[in-house]
file upload08.pdb (PDB, C-alpha atoms)
ATOM      1  CA  GLY D   1      27.170 -88.573  32.644
ATOM      2  CA  THR D   2      29.139 -85.906  34.485
ATOM      3  CA  LEU D   3      32.768 -85.030  35.125
ATOM      4  CA  HIS D   4      33.971 -84.600  38.695
ATOM      5  CA  VAL D   5      37.002 -82.464  39.572
ATOM      6  CA  ILE D   6      38.732 -82.953  42.930
ATOM      7  CA  ASP D   7      40.550 -79.823  44.137
ATOM      8  CA  MET D   8      42.893 -80.715  47.017
ATOM      9  CA  TYR D   9      44.273 -78.042  49.351
ATOM     10  CA  ARG D  10      46.708 -79.960  51.538
ATOM     11  CA  GLN D  11      49.801 -77.841  52.108
ATOM     12  CA  THR D  12      52.143 -80.839  52.222
ATOM     13  CA  VAL D  13      51.493 -83.700  49.853
ATOM     14  CA  GLU D  14      54.655 -85.745  50.508
ATOM     15  CA  HIS D  15      54.359 -88.860  52.626
ATOM     16  CA  PRO D  16      55.653 -88.129  56.157
ATOM     17  CA  TRP D  17      58.347 -90.814  55.723
ATOM     18  CA  SER D  18      59.889 -88.803  52.892
ATOM     19  CA  VAL D  19      60.321 -85.686  55.071
ATOM     20  CA  PRO D  20      63.565 -85.448  57.122
ATOM     21  CA  ASP D  21      62.981 -85.482  60.880
ATOM     22  CA  ASP D  22      64.268 -81.954  61.454
ATOM     23  CA  LEU D  23      61.808 -80.543  58.885
ATOM     24  CA  HIS D  24      59.079 -82.862  60.076
ATOM     25  CA  ALA D  25      59.175 -81.219  63.507
ATOM     26  CA  LYS D  26      58.547 -77.768  61.987
ATOM     27  CA  LEU D  27      55.732 -78.688  59.586
ATOM     28  CA  ASP D  28      52.019 -79.032  60.168
ATOM     29  CA  LEU D  29      51.427 -82.001  57.898
ATOM     30  CA  MET D  30      47.664 -81.715  58.426
ATOM     31  CA  SER D  31      47.480 -78.108  57.287
ATOM     32  CA  GLY D  32      44.713 -77.691  54.721
ATOM     33  CA  ARG D  33      42.839 -80.885  55.559
ATOM     34  CA  GLU D  34      39.650 -78.887  56.191
ATOM     35  CA  ARG D  35      39.799 -77.264  52.755
ATOM     36  CA  GLY D  36      39.221 -78.295  49.168
ATOM     37  CA  ARG D  37      36.392 -78.493  46.659
ATOM     38  CA  ILE D  38      34.590 -81.043  44.537
ATOM     39  CA  TYR D  39      33.111 -79.754  41.282
ATOM     40  CA  ARG D  40      30.584 -81.616  39.183
ATOM     41  CA  LEU D  41      30.548 -80.475  35.569
ATOM     42  CA  ALA D  42      27.240 -81.415  33.971
ATOM     43  CA  PRO D  43      25.871 -80.868  30.456
ATOM     44  CA  PRO D  44      22.955 -78.428  29.976
ATOM     45  CA  GLY D  45      19.641 -79.836  31.166
ATOM     46  CA  PHE D  46      21.316 -82.666  33.080
ATOM     47  CA  LYS D  47      19.122 -84.673  35.424
ATOM     48  CA  ALA D  48      20.785 -87.123  37.746
ATOM     49  CA  PRO D  49      19.543 -90.663  37.023
ATOM     50  CA  ALA D  50      18.006 -92.684  39.780
ATOM     51  CA  ALA D  51      20.583 -94.602  41.779
ATOM     52  CA  PRO D  52      20.672 -98.248  40.686
ATOM     53  CA  GLN D  53      19.481-100.894  43.123
ATOM     54  CA  LEU D  54      21.246-103.811  41.464
ATOM     55  CA  GLY D  55      21.679-105.739  44.682
ATOM     56  CA  ALA D  56      17.919-106.274  44.787
ATOM     57  CA  ALA D  57      17.505-106.827  41.031
ATOM     58  CA  SER D  58      16.339-110.134  39.620
ATOM     59  CA  THR D  59      18.704-112.390  37.713
ATOM     60  CA  ALA D  60      16.914-111.550  34.452
ATOM     61  CA  ALA D  61      17.268-107.830  35.165
ATOM     62  CA  LEU D  62      20.997-108.238  35.846
ATOM     63  CA  VAL D  63      21.481-110.014  32.518
ATOM     64  CA  ALA D  64      19.611-107.198  30.776
ATOM     65  CA  THR D  65      21.835-104.652  32.540
ATOM     66  CA  LEU D  66      24.848-106.085  30.704
ATOM     67  CA  GLU D  67      23.636-103.982  27.742
ATOM     68  CA  ASN D  68      23.590-100.745  29.772
ATOM     69  CA  VAL D  69      25.718 -97.903  28.384
ATOM     70  CA  ASN D  70      27.099 -97.197  31.877
ATOM     71  CA  SER D  71      30.138 -99.376  32.521
ATOM     72  CA  TRP D  72      29.676 -99.354  36.307
ATOM     73  CA  TRP D  73      26.163-100.785  35.915
ATOM     74  CA  ARG D  74      27.405-103.501  33.542
ATOM     75  CA  GLU D  75      30.422-104.491  35.631
ATOM     76  CA  THR D  76      28.400-104.564  38.846
ATOM     77  CA  ALA D  77      25.722-106.680  37.176
ATOM     78  CA  GLN D  78      28.369-109.143  35.982
ATOM     79  CA  ARG D  79      29.893-109.349  39.449
ATOM     80  CA  LEU D  80      26.508-110.011  41.050
ATOM     81  CA  LEU D  81      25.680-112.689  38.487
ATOM     82  CA  PHE D  82      28.966-114.415  39.272
ATOM     83  CA  GLU D  83      28.461-114.137  43.026
ATOM     84  CA  ARG D  84      24.907-115.507  42.879
ATOM     85  CA  GLN D  85      25.816-118.480  40.644
ATOM     86  CA  ASP D  86      22.145-118.686  39.636
ATOM     87  CA  PRO D  87      21.555-121.326  36.905
ATOM     88  CA  ALA D  88      18.587-119.244  35.734
ATOM     89  CA  ALA D  89      21.089-116.773  34.233
ATOM     90  CA  VAL D  90      22.551-119.290  31.786
ATOM     91  CA  ALA D  91      19.816-119.346  29.120
ATOM     92  CA  PRO D  92      19.435-115.537  28.845
ATOM     93  CA  LEU D  93      23.226-115.186  28.776
ATOM     94  CA  HIS D  94      23.419-117.600  25.845
ATOM     95  CA  ALA D  95      20.771-115.539  24.072
ATOM     96  CA  LEU D  96      22.638-112.308  24.829
ATOM     97  CA  LEU D  97      25.869-113.715  23.429
ATOM     98  CA  GLU D  98      24.175-114.835  20.214
ATOM     99  CA  LYS D  99      21.794-111.949  19.552
ATOM    100  CA  SER D 100      22.808-108.740  21.333
ATOM    101  CA  ALA D 101      23.671-105.811  19.064
ATOM    102  CA  VAL D 102      25.917-104.383  21.817
ATOM    103  CA  GLU D 103      29.443-105.769  21.521
ATOM    104  CA  VAL D 104      30.396-105.110  25.159
ATOM    105  CA  ALA D 105      27.249-106.969  26.229
ATOM    106  CA  ARG D 106      28.379-109.982  24.199
ATOM    107  CA  LEU D 107      31.763-109.716  25.886
ATOM    108  CA  HIS D 108      30.169-109.595  29.360
ATOM    109  CA  ALA D 109      27.986-112.572  28.458
ATOM    110  CA  LEU D 110      31.029-114.560  27.353
ATOM    111  CA  TRP D 111      32.948-114.032  30.574
ATOM    112  CA  THR D 112      29.890-114.404  32.807
ATOM    113  CA  LEU D 113      29.123-117.787  31.247
ATOM    114  CA  ASP D 114      32.719-118.746  31.942
ATOM    115  CA  GLY D 115      32.323-117.619  35.547
ATOM    116  CA  LEU D 116      29.187-119.743  35.878
ATOM    117  CA  ASP D 117      31.006-122.748  34.393
ATOM    118  CA  ALA D 118      28.386-122.793  31.639
ATOM    119  CA  LEU D 119      30.467-121.796  28.622
ATOM    120  CA  ARG D 120      29.905-124.269  25.786
ATOM    121  CA  GLU D 121      32.106-124.989  22.788
ATOM    122  CA  SER D 122      29.320-123.636  20.589
ATOM    123  CA  ASP D 123      29.460-120.347  22.538
ATOM    124  CA  LEU D 124      33.181-120.062  21.890
ATOM    125  CA  ARG D 125      32.762-120.829  18.196
ATOM    126  CA  CYS D 126      30.098-118.140  18.021
ATOM    127  CA  ALA D 127      32.415-115.644  19.759
ATOM    128  CA  LEU D 128      35.401-116.592  17.567
ATOM    129  CA  ASP D 129      33.259-115.626  14.560
ATOM    130  CA  ASP D 130      31.994-112.406  16.166
ATOM    131  CA  ALA D 131      32.036-109.216  14.099
ATOM    132  CA  SER D 132      33.809-107.434  16.968
ATOM    133  CA  ALA D 133      37.593-107.859  17.140
ATOM    134  CA  GLY D 134      37.393-107.314  20.900
ATOM    135  CA  VAL D 135      35.033-110.244  21.347
ATOM    136  CA  ARG D 136      37.187-112.450  19.101
ATOM    137  CA  GLU D 137      40.273-111.505  21.097
ATOM    138  CA  HIS D 138      38.708-112.608  24.383
ATOM    139  CA  ALA D 139      37.213-115.701  22.795
ATOM    140  CA  VAL D 140      40.740-116.795  21.837
ATOM    141  CA  ARG D 141      41.848-116.371  25.458
ATOM    142  CA  LEU D 142      38.994-118.508  26.729
ATOM    143  CA  ALA D 143      39.251-121.118  23.983
ATOM    144  CA  ALA D 144      42.976-121.650  24.578
ATOM    145  CA  ARG D 145      42.183-123.054  28.019
ATOM    146  CA  ARG D 146      40.008-125.732  26.469
ATOM    147  CA  PHE D 147      42.186-127.187  23.722
ATOM    148  CA  ASP D 148      42.587-130.479  25.593
ATOM    149  CA  ALA D 149      38.856-130.897  26.197
ATOM    150  CA  SER D 150      37.786-129.565  22.777
ATOM    151  CA  PRO D 151      40.470-130.314  20.165
ATOM    152  CA  GLY D 152      38.355-128.778  17.411
ATOM    153  CA  LEU D 153      38.789-125.378  18.993
ATOM    154  CA  GLN D 154      42.530-125.431  18.394
ATOM    155  CA  SER D 155      42.279-125.427  14.602
ATOM    156  CA  ARG D 156      39.537-122.793  14.783
ATOM    157  CA  VAL D 157      41.736-120.524  16.921
ATOM    158  CA  PHE D 158      44.829-121.142  14.796
ATOM    159  CA  ALA D 159      42.872-120.048  11.711
ATOM    160  CA  LEU D 160      42.661-116.597  13.325
ATOM    161  CA  ALA D 161      46.395-116.170  12.764
ATOM    162  CA  ARG D 162      45.152-114.442   9.592
ATOM    163  CA  ASP D 163      42.612-112.267  11.436
ATOM    164  CA  ARG D 164      42.464-108.642  10.310
ATOM    165  CA  SER D 165      43.038-107.402  13.891
ATOM    166  CA  ILE D 166      46.566-107.533  15.256
ATOM    167  CA  ARG D 167      45.207-107.792  18.807
ATOM    168  CA  VAL D 168      43.451-111.029  17.854
ATOM    169  CA  ARG D 169      46.613-112.329  16.192
ATOM    170  CA  TYR D 170      48.545-111.380  19.351
ATOM    171  CA  GLN D 171      46.268-113.607  21.442
ATOM    172  CA  VAL D 172      46.633-116.392  18.884
ATOM    173  CA  ALA D 173      50.410-116.174  19.413
ATOM    174  CA  PHE D 174      49.911-116.799  23.125
ATOM    175  CA  ALA D 175      47.471-119.631  22.430
ATOM    176  CA  ALA D 176      49.919-121.324  20.051
ATOM    177  CA  GLY D 177      52.671-120.958  22.639
ATOM    178  CA  GLY D 178      50.827-123.333  24.948
ATOM    179  CA  VAL D 179      50.712-126.141  22.379
ATOM    180  CA  ALA D 180      53.689-128.345  21.536
ATOM    181  CA  ASP D 181      52.916-129.652  18.052
ATOM    182  CA  ASP D 182      53.707-128.936  14.403
ATOM    183  CA  ALA D 183      50.493-126.973  13.888
ATOM    184  CA  ALA D 184      51.501-124.536  16.625
ATOM    185  CA  VAL D 185      54.963-124.162  15.095
ATOM    186  CA  GLN D 186      53.416-123.361  11.716
ATOM    187  CA  VAL D 187      51.127-120.752  13.311
ATOM    188  CA  ALA D 188      54.106-119.135  15.043
ATOM    189  CA  VAL D 189      56.036-118.985  11.768
ATOM    190  CA  GLU D 190      53.033-117.503   9.978
ATOM    191  CA  LEU D 191      52.656-114.845  12.680
ATOM    192  CA  LEU D 192      56.351-113.986  12.491
ATOM    193  CA  ARG D 193      56.089-113.608   8.716
ATOM    194  CA  GLN D 194      53.126-111.272   9.099
ATOM    195  CA  ASP D 195      53.845-109.434  12.342
ATOM    196  CA  GLY D 196      57.519-110.032  13.049
ATOM    197  CA  GLY D 197      58.093-106.286  13.088
ATOM    198  CA  ASP D 198      55.736-105.890  16.056
ATOM    199  CA  ARG D 199      57.710-106.340  19.275
ATOM    200  CA  TRP D 200      54.676-107.519  21.241
ATOM    201  CA  VAL D 201      53.774-110.306  18.823
ATOM    202  CA  ARG D 202      57.416-111.309  18.667
ATOM    203  CA  ALA D 203      57.585-111.401  22.487
ATOM    204  CA  ALA D 204      54.441-113.568  22.600
ATOM    205  CA  VAL D 205      56.004-116.072  20.190
ATOM    206  CA  LEU D 206      59.285-116.078  22.139
ATOM    207  CA  GLY D 207      57.370-116.550  25.395
ATOM    208  CA  THR D 208      56.771-120.213  24.627
ATOM    209  CA  SER D 209      59.042-123.057  25.805
ATOM    210  CA  PRO D 210      62.699-123.253  24.720
ATOM    211  CA  ASP D 211      61.921-126.522  22.905
ATOM    212  CA  GLN D 212      59.217-124.785  20.878
ATOM    213  CA  CYS D 213      61.541-121.855  20.112
ATOM    214  CA  ALA D 214      64.062-124.369  18.768
ATOM    215  CA  ARG D 215      61.418-125.958  16.533
ATOM    216  CA  ILE D 216      60.303-122.532  15.242
ATOM    217  CA  ALA D 217      63.915-121.597  14.519
ATOM    218  CA  GLN D 218      64.445-124.847  12.584
ATOM    219  CA  ARG D 219      61.339-124.173  10.491
ATOM    220  CA  LEU D 220      62.469-120.618   9.743
ATOM    221  CA  LEU D 221      65.984-121.714   8.831
ATOM    222  CA  ARG D 222      64.641-124.160   6.249
ATOM    223  CA  ASP D 223      62.011-121.717   4.950
ATOM    224  CA  ALA D 224      62.967-119.839   1.803
ATOM    225  CA  SER D 225      60.159-117.344   2.475
ATOM    226  CA  ARG D 226      61.277-116.519   6.012
ATOM    227  CA  PRO D 227      61.203-112.821   7.033
ATOM    228  CA  SER D 228      64.128-111.081   5.361
ATOM    229  CA  GLY D 229      66.253-108.054   6.047
ATOM    230  CA  GLN D 230      67.129-106.774   9.505
ATOM    231  CA  GLU D 231      63.726-107.755  10.869
ATOM    232  CA  GLY D 232      64.210-111.373   9.814
ATOM    233  CA  ARG D 233      67.708-111.497  11.263
ATOM    234  CA  ASP D 234      66.496-110.032  14.575
ATOM    235  CA  ILE D 235      63.734-112.654  14.821
ATOM    236  CA  LEU D 236      66.129-115.488  14.085
ATOM    237  CA  ARG D 237      68.731-114.152  16.494
ATOM    238  CA  SER D 238      66.169-114.002  19.323
ATOM    239  CA  LEU D 239      64.963-117.563  18.723
ATOM    240  CA  LEU D 240      68.529-118.870  18.570
ATOM    241  CA  PHE D 241      69.436-116.993  21.750
ATOM    242  CA  VAL D 242      66.714-118.930  23.613
ATOM    243  CA  THR D 243      67.888-122.194  22.046
ATOM    244  CA  GLY D 244      71.491-121.506  22.977
ATOM    245  CA  ALA D 245      70.591-120.531  26.530
ATOM    246  CA  GLN D 246      68.726-123.829  26.937
ATOM    247  CA  ASN D 247      71.857-125.671  25.735
ATOM    248  CA  HIS D 248      70.007-128.911  24.979
ATOM    249  CA  PRO D 249      72.251-131.200  22.844
ATOM    250  CA  GLY D 250      69.362-132.574  20.760
ATOM    251  CA  ASN D 251      68.006-129.133  19.946
ATOM    252  CA  LEU D 252      71.462-127.794  19.135
ATOM    253  CA  GLU D 253      72.129-130.673  16.750
ATOM    254  CA  ALA D 254      68.785-130.094  15.016
ATOM    255  CA  ILE D 255      69.546-126.372  14.741
ATOM    256  CA  PHE D 256      72.953-127.016  13.152
ATOM    257  CA  ASN D 257      71.409-129.472  10.703
ATOM    258  CA  ALA D 258      68.743-126.925   9.764
ATOM    259  CA  PHE D 259      71.369-124.228   9.257
ATOM    260  CA  THR D 260      73.409-126.555   7.027
ATOM    261  CA  ALA D 261      70.343-127.069   4.829
ATOM    262  CA  ALA D 262      69.168-123.441   4.997
ATOM    263  CA  PRO D 263      68.558-121.648   1.684
ATOM    264  CA  ALA D 264      70.568-118.422   1.375
ATOM    265  CA  ALA D 265      72.491-119.327   4.537
ATOM    266  CA  ALA D 266      75.082-116.607   3.913
ATOM    267  CA  ALA D 267      72.440-113.897   4.491
ATOM    268  CA  ILE D 268      71.722-115.162   7.999
ATOM    269  CA  GLU D 269      75.146-116.458   9.018
ATOM    270  CA  SER D 270      75.960-113.519  11.270
ATOM    271  CA  ALA D 271      72.560-113.667  12.998
ATOM    272  CA  PHE D 272      72.903-117.430  13.421
ATOM    273  CA  TRP D 273      76.275-117.390  15.158
ATOM    274  CA  THR D 274      75.694-114.279  17.281
ATOM    275  CA  GLY D 275      72.247-115.408  18.453
ATOM    276  CA  LEU D 276      73.316-118.936  19.278
ATOM    277  CA  GLY D 277      76.674-117.850  20.700
ATOM    278  CA  ASP D 278      75.191-115.182  22.966
ATOM    279  CA  GLY D 279      72.656-117.704  24.265
ATOM    280  CA  LEU D 280      75.344-120.296  24.959
TER     281      LEU D 280
END
call {"tool": "encode", "arguments": {"input": "upload08.pdb", "output": "structure tokens"}}
result
Amino acid sequence: GTLHVIDMYRQTVEHPWSVPDDLHAKLDLMSGRERGRIYRLAPPGFKAPAAPQLGAASTAALVATLENVNSWWRETAQRLLFERQDPAAVAPLHALLEKSAVEVARLHALWTLDGLDALRESDLRCALDDASAGVREHAVRLAARRFDASPGLQSRVFALARDRSIRVRYQVAFAAGGVADDAAVQVAVELLRQDGGDRWVRAAVLGTSPDQCARIAQRLLRDASRPSGQEGRDILRSLLFVTGAQNHPGNLEAIFNAFTAAPAAAAIESAFWTGLGDGL
């Protein structure tokens, strides 16, 4: 609850290696080491809280500390819960995730359950529906690791491509990039339609495999409602650059076929040939 100001008085702050030898011999690089001040700026009536003794706290007390307003207390409690690997923490963590009114506490509960290898599919579904965009964002990250074991999570995560938070949609782009199927291609296209002007979302979509980029490009080429204007051409050019750089005959043939059948092909002809040509 206070602000600390460190006032350093060292005469020379450069690293000795950055000082030429002839100057080094004439300087006292330790000058000022005995000086300096530390100020603590406190609000009126401030009373220092008792120092936490979390190392000696019970597992139940550590779980409760995940709701503390002080981030150091919360983060230390989470670390200790992970280090102890106490199964007794699992039930109260589930309850915290489902019922806590503190969004950061729900986030700590989510990751602590993961660290205890006790995160259930029902926990992830709960977090994917959370009122907090931050919790949903992290739930997508955790759920994406479990698509193989819990196929139902994939469709639930892909539905968040229409989430109101762009940070959640950004994580969905990464999640879709790890899946090689038509559903993932459709999610990528939907994200490009909605957020193609955002360079980070576009980079997340392009960060998938070259094969997936080729499939996304084919879908966009055939899509009459693809992003238009300069933004749409830039997206298409980037996807085709990756496809060209891969130089896979099957993907190139599919791309040419898609371009031949593309609606309003004249509007994208320049982007098509420059993107593909630069990649090749």
call {"tool": "residues_around", "arguments": {"input": "upload08.pdb", "residues": "D:Asp130", "least_positions_apart": "5", "cutoff": "12 Å", "atoms": "all atoms listed in the file", "output": "NGL selection string"}}
result
:D and (97-104 or 106-107 or 110 or 123-125 or 135-140 or 160 or 163 or 168)
call {"tool": "resolve_selection", "arguments": {"input": "upload08.pdb", "expression": "the PyMOL selection byres ((chain D and resi 187-197) around 9)", "output": "short mmCIF file (atom, residue, chain, number, x, y, z; two decimals) with C-alpha atoms, in the frame of the given file"}}
result
data_model
loop_
_atom_site.label_atom_id
_atom_site.label_comp_id
_atom_site.auth_asym_id
_atom_site.auth_seq_id
_atom_site.Cartn_x
_atom_site.Cartn_y
_atom_site.Cartn_z
CA PHE D 158 44.83 -121.14 14.80
CA ALA D 159 42.87 -120.05 11.71
CA ALA D 161 46.40 -116.17 12.76
CA ARG D 162 45.15 -114.44 9.59
CA ILE D 166 46.57 -107.53 15.26
CA ARG D 169 46.61 -112.33 16.19
CA TYR D 170 48.54 -111.38 19.35
CA VAL D 172 46.63 -116.39 18.88
CA ALA D 173 50.41 -116.17 19.41
CA ALA D 176 49.92 -121.32 20.05
CA GLY D 177 52.67 -120.96 22.64
CA ASP D 182 53.71 -128.94 14.40
CA ALA D 183 50.49 -126.97 13.89
CA ALA D 184 51.50 -124.54 16.62
CA VAL D 185 54.96 -124.16 15.10
CA GLN D 186 53.42 -123.36 11.72
CA ASP D 198 55.74 -105.89 16.06
CA ARG D 199 57.71 -106.34 19.27
CA TRP D 200 54.68 -107.52 21.24
CA VAL D 201 53.77 -110.31 18.82
CA ARG D 202 57.42 -111.31 18.67
CA VAL D 205 56.00 -116.07 20.19
CA ILE D 216 60.30 -122.53 15.24
CA ALA D 217 63.92 -121.60 14.52
CA ARG D 219 61.34 -124.17 10.49
CA LEU D 220 62.47 -120.62 9.74
CA SER D 225 60.16 -117.34 2.48
CA ARG D 226 61.28 -116.52 6.01
CA PRO D 227 61.20 -112.82 7.03
CA GLU D 231 63.73 -107.76 10.87
CA GLY D 232 64.21 -111.37 9.81
CA ILE D 235 63.73 -112.65 14.82
#
call {"tool": "resolve_selection", "arguments": {"input": "upload08.pdb", "expression": "the PyMOL selection byres ((chain D and resi 76) around 12)", "output": "list in words"}}
result
Pro52, Gln53, Leu54, Gly55, Ala57, Leu62, Val63, Thr65, Leu66, Asn68, Asn70, Ser71, Trp72, Trp73, Arg74, Glu75, Ala77, Gln78, Arg79, Leu80, Leu81, Phe82, Glu83, His108 and Thr112 of chain D
call {"tool": "atom_distance", "arguments": {"input": "upload08.pdb", "atom1": "atom CA of D:Leu236", "atom2": "atom CA of D:Ala262"}}
result
12.5 Å
call {"tool": "closest_residue", "arguments": {"input": "upload08.pdb", "among": "D:Glu121, D:Asp86, D:Asp7, D:Asp211", "to": "D:Gly250", "atoms": "all atoms listed in the file"}}
result
D:Asp211
call {"tool": "atom_distance", "arguments": {"input": "upload08.pdb", "atom1": "atom CA of D:Asn251", "atom2": "atom CA of D:Arg215"}}
result
8.1 Å
call {"tool": "atom_distance", "arguments": {"input": "upload08.pdb", "atom1": "atom CA of D:Val13", "atom2": "atom CA of D:Tyr39"}}
result
20.7 Å
call {"tool": "closest_residue", "arguments": {"input": "upload08.pdb", "among": "D:Leu206, D:Leu142, D:Thr2, D:Leu280", "to": "D:Pro49", "atoms": "all atoms listed in the file"}}
result
D:Thr2
call {"tool": "residues_around", "arguments": {"input": "upload08.pdb", "residues": "D:Leu3", "least_positions_apart": "3", "cutoff": "10 Å", "atoms": "all atoms listed in the file", "output": "PyMOL selection string"}}
result
chain D and resi 39-43
call {"tool": "residues_around", "arguments": {"input": "upload08.pdb", "residues": "D:Ile38", "least_positions_apart": "3", "cutoff": "8 Å", "atoms": "all atoms listed in the file", "output": "list in words"}}
result
His4, Val5, Ile6 and Asp7 of chain D
call {"tool": "write_last_selection", "arguments": {"input": "upload08.pdb", "atoms": "C-alpha atoms", "output": "PDB file, keeping the file's coordinate frame"}}
result
ATOM      1  CA  HIS D   4      33.971 -84.600  38.695  1.00  0.00           C
ATOM      2  CA  VAL D   5      37.002 -82.464  39.572  1.00  0.00           C
ATOM      3  CA  ILE D   6      38.732 -82.953  42.930  1.00  0.00           C
ATOM      4  CA  ASP D   7      40.550 -79.823  44.137  1.00  0.00           C
TER       5      ASP D   7
END
call {"tool": "resolve_selection", "arguments": {"input": "upload08.pdb", "expression": "the PyMOL selection byres ((chain D and resi 267) around 12)", "output": "list of chain:residue names"}}
result
D:Leu221, D:Ala224, D:Arg226, D:Pro227, D:Ser228, D:Gly229, D:Gln230, D:Gly232, D:Arg233, D:Leu236, D:Phe259, D:Ala262, D:Pro263, D:Ala264, D:Ala265, D:Ala266, D:Ile268, D:Glu269, D:Ser270, D:Ala271, D:Phe272, D:Trp273
call {"tool": "residues_near_point", "arguments": {"input": "upload08.pdb", "point": "(55.7, -128.2, 21.0)", "cutoff": "6 Å", "atoms": "all atoms listed in the file", "output": "list in words"}}
result
Val179, Ala180, Asp181 and Gln212 of chain D
call {"tool": "decode", "arguments": {"input": "upload08.pdb", "residues": "stretch 131-152 of chain D", "atoms": "N, CA and C atoms", "output": "short mmCIF file (atom, residue, chain, number, x, y, z; two decimals), in the first residue's frame"}}
result
data_model
loop_
_atom_site.label_atom_id
_atom_site.label_comp_id
_atom_site.auth_asym_id
_atom_site.auth_seq_id
_atom_site.Cartn_x
_atom_site.Cartn_y
_atom_site.Cartn_z
N ALA D 131 -17.81 -14.49 -16.76
CA ALA D 131 -18.16 -13.10 -17.09
C ALA D 131 -16.93 -12.25 -17.39
N SER D 132 -15.77 -12.69 -16.89
CA SER D 132 -14.53 -11.93 -17.09
C SER D 132 -13.85 -12.36 -18.37
N ALA D 133 -13.55 -11.38 -19.25
CA ALA D 133 -12.84 -11.68 -20.49
C ALA D 133 -11.45 -12.26 -20.20
N GLY D 134 -10.82 -11.78 -19.12
CA GLY D 134 -9.50 -12.30 -18.77
C GLY D 134 -9.53 -13.77 -18.43
N VAL D 135 -10.54 -14.20 -17.71
CA VAL D 135 -10.67 -15.62 -17.36
C VAL D 135 -10.96 -16.43 -18.62
N ARG D 136 -11.83 -15.92 -19.49
CA ARG D 136 -12.14 -16.64 -20.73
C ARG D 136 -10.88 -16.78 -21.59
N GLU D 137 -10.10 -15.74 -21.64
CA GLU D 137 -8.87 -15.76 -22.45
C GLU D 137 -7.94 -16.88 -21.99
N HIS D 138 -7.74 -16.99 -20.69
CA HIS D 138 -6.85 -18.04 -20.17
C HIS D 138 -7.49 -19.41 -20.27
N ALA D 139 -8.79 -19.47 -20.17
CA ALA D 139 -9.48 -20.76 -20.33
C ALA D 139 -9.27 -21.30 -21.74
N VAL D 140 -9.27 -20.42 -22.74
CA VAL D 140 -9.01 -20.85 -24.11
C VAL D 140 -7.61 -21.44 -24.22
N ARG D 141 -6.64 -20.80 -23.60
CA ARG D 141 -5.26 -21.30 -23.63
C ARG D 141 -5.17 -22.70 -23.05
N LEU D 142 -5.83 -22.90 -21.92
CA LEU D 142 -5.77 -24.20 -21.26
C LEU D 142 -6.58 -25.25 -22.01
N ALA D 143 -7.72 -24.85 -22.54
CA ALA D 143 -8.57 -25.81 -23.25
C ALA D 143 -7.91 -26.28 -24.53
N ALA D 144 -7.16 -25.42 -25.20
CA ALA D 144 -6.54 -25.79 -26.48
C ALA D 144 -5.57 -26.95 -26.33
N ARG D 145 -5.02 -27.13 -25.15
CA ARG D 145 -4.11 -28.25 -24.91
C ARG D 145 -4.84 -29.59 -24.80
N ARG D 146 -6.16 -29.52 -24.65
CA ARG D 146 -6.92 -30.72 -24.33
C ARG D 146 -7.91 -31.11 -25.42
N PHE D 147 -7.74 -30.57 -26.61
CA PHE D 147 -8.68 -30.89 -27.69
C PHE D 147 -8.69 -32.39 -28.00
N ASP D 148 -7.53 -33.02 -27.98
CA ASP D 148 -7.47 -34.45 -28.30
C ASP D 148 -8.19 -35.29 -27.26
N ALA D 149 -8.01 -34.93 -25.98
CA ALA D 149 -8.62 -35.71 -24.90
C ALA D 149 -10.09 -35.36 -24.71
N SER D 150 -10.47 -34.11 -25.04
CA SER D 150 -11.85 -33.66 -24.84
C SER D 150 -12.33 -32.95 -26.10
N PRO D 151 -12.75 -33.72 -27.11
CA PRO D 151 -13.15 -33.11 -28.39
C PRO D 151 -14.25 -32.07 -28.25
N GLY D 152 -15.12 -32.23 -27.25
CA GLY D 152 -16.20 -31.26 -27.09
C GLY D 152 -15.71 -29.86 -26.78
#
